[in-house]
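Everything below concerns the one structure shown next.
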Amino acid sequence: MAEEGRVTAESGSGSLFTNVISEIFTSPINLVLVGIIALLVYKIIKHKTKVEAPIHVEPELPKLKRDFTVEQLKQYDGNGPDKRILMAVNGSVYDVTRGRRFYGPGGPYAAFAGRDASRGLATFSVVPGTDEYDDLSDFNSVEMDSVREWEEQFKEKYEYVGRLLKPGELPTNYSDEEEEGSQQEVESKSKDD
Ligand code: HEM
């Protein structure tokens with residue numbers, strides 16, 4: 001009798017681990033629970049060891065200040081080496097590079113990139129317009145108002161670069177203008193002193 005008790009106690013403590021294992025594998029509910037726990041542990045470990053993908057930030061391009069002919073503007077359709085995108089509206093050129101998702105290659109308004117978008121904007125057309133200079137002289141007052149409204153939007157959102165030149169028109173030398181401006185600043189400062 002005493003021997004029997006000793007055997008039970010021995011086998012009880014010695015096989016606790018085996019009992020737990022066999023309990024798990026004999027009950028389908030326990031098996032499912034173990035599976036869920038394993039999955040959660042795996043997810044936690046995976047999450048902790050995950051390396052964050054570096055965020056790709058496009059470097060900002062230097063500001064441009066110059067006038068463009070229609071021909072020169074064409075080079076800035078977002079396919080150039082610096083991927084800059086320029087667009088003209090109502091005779092003014094804007095740098096719309098930060099609107100790449102709109103005007104970049106494959107974007108919904110890619111037809112405006114590197115071009116005078118005035119006619120397309122006024123007539124709600126995203127089909128590429130003429131390759132020649134467009135003087136918009138056939139526009140009625142509604143279309144002209146529409147172009148002006150669009151220009152206001154661009155002025156607010158994007159950087160002004162310069163004028164779109166008519167054929168034969170000469171570009172403004174903005175570096176002279178800046179020098180003049182800084183010269184005036186120097187002069188007015190020395191007067192103040
Ligand atoms: C089914 C027709 C159209 C839909 C659903 C649509 C939708 C949109 C939306 C949602 C925006 C604002 C995007 C944003 O700010 O995040 C937008 C902007 C714009 N849309 Fe459209 N559009 C349509 C047609 C046109 C057409 C025909 C033109 C041509 C004149 C046009 C020209 C523009 C321009 C220039 C912008 C401003 C992009 C910027 O902020 O630089 N859209 N459009």
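We label chains A, B, ... in the order they appear in the structure tokens, count residues from 1 in each chain, and number ligands from 1 in the order shown.
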
Taking a cut-off of 10 Å and counting only C-alpha atoms and all ligand atoms, can you build a table that, for each residue of chain A near ligand 1, reports the nearest atom pair and how far apart they are in Å (one decimal), sorted by chain then residue number, as CSV?
residue,atom,partner,partner_atom_place_in_ligand_line,distance
A:Val96,CA,ligand 1,41 (O),6.8
A:Thr97,CA,ligand 1,41 (O),9.3
A:Arg98,CA,ligand 1,41 (O),8.4
A:Gly99,CA,ligand 1,41 (O),5.3
A:Arg100,CA,ligand 1,41 (O),8.4
A:Arg101,CA,ligand 1,41 (O),8.7
A:Phe102,CA,ligand 1,38 (C),5.9
A:Tyr103,CA,ligand 1,41 (O),7.5
A:Pro108,CA,ligand 1,21 (Fe),7.8
A:Tyr109,CA,ligand 1,32 (C),6.5
A:Ala110,CA,ligand 1,35 (C),9.9
A:Ala111,CA,ligand 1,29 (C),9.5
A:Phe112,CA,ligand 1,35 (C),8.3
A:Ala117,CA,ligand 1,30 (C),8.3
A:Ser118,CA,ligand 1,30 (C),8.7
A:Arg119,CA,ligand 1,30 (C),8.5
A:Gly120,CA,ligand 1,30 (C),5.5
A:Leu121,CA,ligand 1,30 (C),3.7
A:Ala122,CA,ligand 1,30 (C),6.5
A:Thr123,CA,ligand 1,30 (C),6.6
A:Phe124,CA,ligand 1,30 (C),3.7
A:Ser125,CA,ligand 1,27 (C),4.9
A:Val126,CA,ligand 1,29 (C),5.1
A:Val127,CA,ligand 1,29 (C),8.7
A:Ser146,CA,ligand 1,30 (C),9.9
A:Val147,CA,ligand 1,30 (C),9.8
A:Trp150,CA,ligand 1,35 (C),7.5
A:Glu151,CA,ligand 1,35 (C),9.8
A:Gln153,CA,ligand 1,40 (O),7.9
A:Phe154,CA,ligand 1,41 (O),7.0
A:Glu156,CA,ligand 1,40 (O),9.9
A:Lys157,CA,ligand 1,40 (O),7.2
A:Tyr158,CA,ligand 1,41 (O),8.1

Quick one: everything within 10 Å of Leu136 of chain A, counting only C-alpha atoms, minus sequence neighbours fewer than 3 positions away in the same chain. Send it as number ranges by chain. A: 90-91, 118-119, 133, 139-140, 143-144, 147

Writing out the chosen residues with all heavy atoms as a compact mmCIF listing (two decimals), in the first residue's frame:
# COMPACT_ATOMS: atom_id res chain seq x y z
N ASN A 90 -1.72 81.91 -68.43
CA ASN A 90 -1.94 83.33 -68.64
C ASN A 90 -0.63 84.13 -68.73
O ASN A 90 -0.50 85.20 -68.13
CB ASN A 90 -2.83 83.88 -67.52
CG ASN A 90 -3.45 85.20 -67.88
OD1 ASN A 90 -3.66 85.50 -69.06
ND2 ASN A 90 -3.75 86.02 -66.87
N GLY A 91 0.34 83.56 -69.42
CA GLY A 91 1.60 84.27 -69.66
C GLY A 91 2.62 84.19 -68.54
O GLY A 91 3.71 84.72 -68.66
N SER A 118 -3.00 77.31 -70.41
CA SER A 118 -4.14 78.24 -70.39
C SER A 118 -5.37 77.71 -71.14
O SER A 118 -6.47 77.70 -70.59
CB SER A 118 -3.73 79.57 -71.00
OG SER A 118 -2.56 80.05 -70.39
N ARG A 119 -5.17 77.28 -72.38
CA ARG A 119 -6.32 76.84 -73.19
C ARG A 119 -6.95 75.59 -72.58
O ARG A 119 -8.19 75.49 -72.48
CB ARG A 119 -5.88 76.59 -74.64
CG ARG A 119 -7.03 76.32 -75.59
CD ARG A 119 -6.58 76.40 -77.04
NE ARG A 119 -6.21 77.76 -77.42
CZ ARG A 119 -7.08 78.66 -77.91
NH1 ARG A 119 -8.34 78.34 -78.09
NH2 ARG A 119 -6.67 79.88 -78.21
N TYR A 133 3.24 79.09 -79.90
CA TYR A 133 2.80 80.09 -78.92
C TYR A 133 1.30 80.34 -79.13
O TYR A 133 0.83 80.50 -80.26
CB TYR A 133 3.60 81.39 -79.08
CG TYR A 133 3.12 82.46 -78.13
CD1 TYR A 133 3.56 82.44 -76.80
CD2 TYR A 133 2.23 83.45 -78.53
CE1 TYR A 133 3.10 83.40 -75.90
CE2 TYR A 133 1.78 84.41 -77.64
CZ TYR A 133 2.22 84.37 -76.33
OH TYR A 133 1.77 85.30 -75.43
N PHE A 139 -10.25 83.93 -77.17
CA PHE A 139 -10.98 83.64 -75.92
C PHE A 139 -12.08 84.67 -75.67
O PHE A 139 -11.89 85.87 -75.85
CB PHE A 139 -10.01 83.67 -74.72
CG PHE A 139 -9.43 82.32 -74.39
CD1 PHE A 139 -9.49 81.27 -75.30
CD2 PHE A 139 -8.82 82.10 -73.16
CE1 PHE A 139 -8.94 80.03 -75.00
CE2 PHE A 139 -8.27 80.86 -72.85
CZ PHE A 139 -8.33 79.83 -73.78
N ASN A 140 -13.25 84.17 -75.23
CA ASN A 140 -14.30 85.10 -74.82
C ASN A 140 -14.06 85.49 -73.36
O ASN A 140 -13.13 84.97 -72.71
CB ASN A 140 -15.70 84.49 -75.04
CG ASN A 140 -15.88 83.20 -74.26
OD1 ASN A 140 -15.35 83.06 -73.16
ND2 ASN A 140 -16.63 82.26 -74.82
N GLU A 143 -13.99 82.60 -70.76
CA GLU A 143 -12.75 81.79 -70.82
C GLU A 143 -11.58 82.57 -70.22
O GLU A 143 -10.75 82.01 -69.51
CB GLU A 143 -12.46 81.40 -72.27
CG GLU A 143 -13.41 80.34 -72.78
CD GLU A 143 -13.39 80.17 -74.29
OE1 GLU A 143 -13.08 81.16 -74.99
OE2 GLU A 143 -13.70 79.07 -74.77
N MET A 144 -11.54 83.87 -70.51
CA MET A 144 -10.45 84.69 -69.99
C MET A 144 -10.51 84.77 -68.46
O MET A 144 -9.50 84.65 -67.77
CB MET A 144 -10.56 86.10 -70.61
CG MET A 144 -9.25 86.74 -70.99
SD MET A 144 -8.08 85.67 -71.79
CE MET A 144 -6.73 85.84 -70.64
N VAL A 147 -9.25 81.53 -67.03
CA VAL A 147 -7.78 81.47 -67.03
C VAL A 147 -7.22 82.28 -65.86
O VAL A 147 -6.30 81.83 -65.17
CB VAL A 147 -7.22 82.00 -68.37
CG1 VAL A 147 -5.71 82.15 -68.30
CG2 VAL A 147 -7.56 81.07 -69.49

Name all residues at most 8 Å from Ser92 of chain A (count only C-alpha atoms; drop same-chain ones fewer than 3 positions away) and give them as a list in words.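 Those residues are Ala88, Val89, Tyr160, Val161, Gly162, Arg163 and Leu164 of chain A.
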
Might you pull out every residue within 7 Å of Ile85 of chain A, with only C-alpha atoms counted and same-chain residues fewer than 6 positions away left off, and present them as a PyMOL selection string? chain A and resi 76-78+95-97+113-114

Using only N, CA and C atoms, please write the residues we just selected to a file, as a tab-separated table (two decimals), in the first residue's frame.
chain	number	residue	atom	x	y	z
A	76	TYR	N	10.96	71.17	-69.51
A	76	TYR	CA	10.64	70.98	-68.09
A	76	TYR	C	9.29	70.29	-67.92
A	77	ASP	N	9.22	69.06	-68.44
A	77	ASP	CA	7.96	68.32	-68.33
A	77	ASP	C	8.05	67.20	-67.29
A	78	GLY	N	9.10	67.26	-66.48
A	78	GLY	CA	9.25	66.24	-65.43
A	78	GLY	C	10.08	65.04	-65.86
A	95	ASP	N	6.54	76.98	-61.19
A	95	ASP	CA	7.23	75.74	-60.92
A	95	ASP	C	6.26	74.83	-60.16
A	96	VAL	N	5.74	73.82	-60.85
A	96	VAL	CA	4.73	72.94	-60.24
A	96	VAL	C	5.33	71.57	-59.87
A	97	THR	N	6.67	71.57	-59.67
A	97	THR	CA	7.34	70.30	-59.37
A	97	THR	C	6.72	69.61	-58.15
A	113	ALA	N	2.31	69.69	-68.34
A	113	ALA	CA	3.71	69.82	-67.92
A	113	ALA	C	4.58	70.32	-69.06
A	114	GLY	N	5.37	71.35	-68.80
A	114	GLY	CA	6.27	71.91	-69.82
A	114	GLY	C	5.54	72.65	-70.92

As a PyMOL selection string, please: every residue in segment 120-173 of chain A that a backbone DSSP assignment puts in strand (DSSP E or B). chain A and resi 159-164

Write to file, as an mmCIF file, in the first residue's frame, the residues of the selection just made, with all heavy atoms.
data_model
loop_
_atom_site.group_PDB
_atom_site.id
_atom_site.type_symbol
_atom_site.label_atom_id
_atom_site.label_comp_id
_atom_site.auth_asym_id
_atom_site.auth_seq_id
_atom_site.Cartn_x
_atom_site.Cartn_y
_atom_site.Cartn_z
ATOM 1 N N GLU A 159 5.498 78.325 -56.961
ATOM 2 C CA GLU A 159 6.501 79.387 -57.093
ATOM 3 C C GLU A 159 6.446 80.001 -58.500
ATOM 4 O O GLU A 159 6.464 79.270 -59.489
ATOM 5 C CB GLU A 159 7.876 78.740 -56.852
ATOM 6 C CG GLU A 159 8.924 79.632 -56.289
ATOM 7 C CD GLU A 159 8.665 80.068 -54.863
ATOM 8 O OE1 GLU A 159 8.407 79.209 -53.996
ATOM 9 O OE2 GLU A 159 8.744 81.281 -54.644
ATOM 10 N N TYR A 160 6.389 81.341 -58.565
ATOM 11 C CA TYR A 160 6.427 82.028 -59.864
ATOM 12 C C TYR A 160 7.856 82.004 -60.382
ATOM 13 O O TYR A 160 8.795 82.258 -59.630
ATOM 14 C CB TYR A 160 5.940 83.476 -59.689
ATOM 15 C CG TYR A 160 6.106 84.344 -60.908
ATOM 16 C CD1 TYR A 160 5.202 84.264 -61.957
ATOM 17 C CD2 TYR A 160 7.160 85.241 -61.003
ATOM 18 C CE1 TYR A 160 5.349 85.065 -63.084
ATOM 19 C CE2 TYR A 160 7.315 86.050 -62.130
ATOM 20 C CZ TYR A 160 6.406 85.951 -63.164
ATOM 21 O OH TYR A 160 6.564 86.745 -64.282
ATOM 22 N N VAL A 161 8.030 81.680 -61.659
ATOM 23 C CA VAL A 161 9.383 81.561 -62.208
ATOM 24 C C VAL A 161 9.719 82.720 -63.147
ATOM 25 O O VAL A 161 10.821 83.256 -63.127
ATOM 26 C CB VAL A 161 9.542 80.208 -62.955
ATOM 27 C CG1 VAL A 161 10.896 80.118 -63.626
ATOM 28 C CG2 VAL A 161 9.375 79.041 -61.999
ATOM 29 N N GLY A 162 8.765 83.102 -63.989
ATOM 30 C CA GLY A 162 9.014 84.175 -64.957
ATOM 31 C C GLY A 162 7.869 84.261 -65.944
ATOM 32 O O GLY A 162 6.787 83.737 -65.705
ATOM 33 N N ARG A 163 8.135 84.932 -67.072
ATOM 34 C CA ARG A 163 7.080 85.120 -68.073
ATOM 35 C C ARG A 163 7.219 84.112 -69.207
ATOM 36 O O ARG A 163 8.329 83.633 -69.492
ATOM 37 C CB ARG A 163 7.167 86.531 -68.648
ATOM 38 C CG ARG A 163 6.770 87.613 -67.663
ATOM 39 C CD ARG A 163 6.907 88.985 -68.275
ATOM 40 N NE ARG A 163 8.230 89.217 -68.834
ATOM 41 C CZ ARG A 163 8.467 89.606 -70.089
ATOM 42 N NH1 ARG A 163 7.476 89.790 -70.928
ATOM 43 N NH2 ARG A 163 9.704 89.811 -70.505
ATOM 44 N N LEU A 164 6.106 83.822 -69.860
ATOM 45 C CA LEU A 164 6.143 83.021 -71.078
ATOM 46 C C LEU A 164 6.299 84.033 -72.214
ATOM 47 O O LEU A 164 5.474 84.948 -72.346
ATOM 48 C CB LEU A 164 4.846 82.216 -71.249
ATOM 49 C CG LEU A 164 4.803 81.331 -72.492
ATOM 50 C CD1 LEU A 164 5.832 80.201 -72.392
ATOM 51 C CD2 LEU A 164 3.417 80.735 -72.695
#

For each of A:Ser22, A:Asn30, A:Thr172, A:Thr130, take the minimum atom-to-atom distance to Val70 of chain A, counting only C-alpha atoms, then give the residue where this is smallest. A:Thr130

So which one's closest to Leu165 of chain A, A:Leu73, A:Leu86, A:Ile29, A:Val41? Using only C-alpha atoms, please. A:Leu73

Separation of atom CA of Glu132 of chain A from atom CA of Asp116 of chain A, in Å and rounded to one decimal: 9.5 Å

Which residues in segment 26-134 of chain A does DSSP call alpha helix (DSSP H)? List them as a ChimeraX atom specification. /A:26,28-49,70-73,100-103,118-122

Using atom CA of Glu149 of chain A and atom CA of Gln75 of chain A as the two end points, give the distance in Å to one decimal. 26.1 Å

Could you tell me how far atom CA of Lys155 of chain A sits from atom CA of Gly107 of chain A, in Å to one decimal place? 20.8 Å
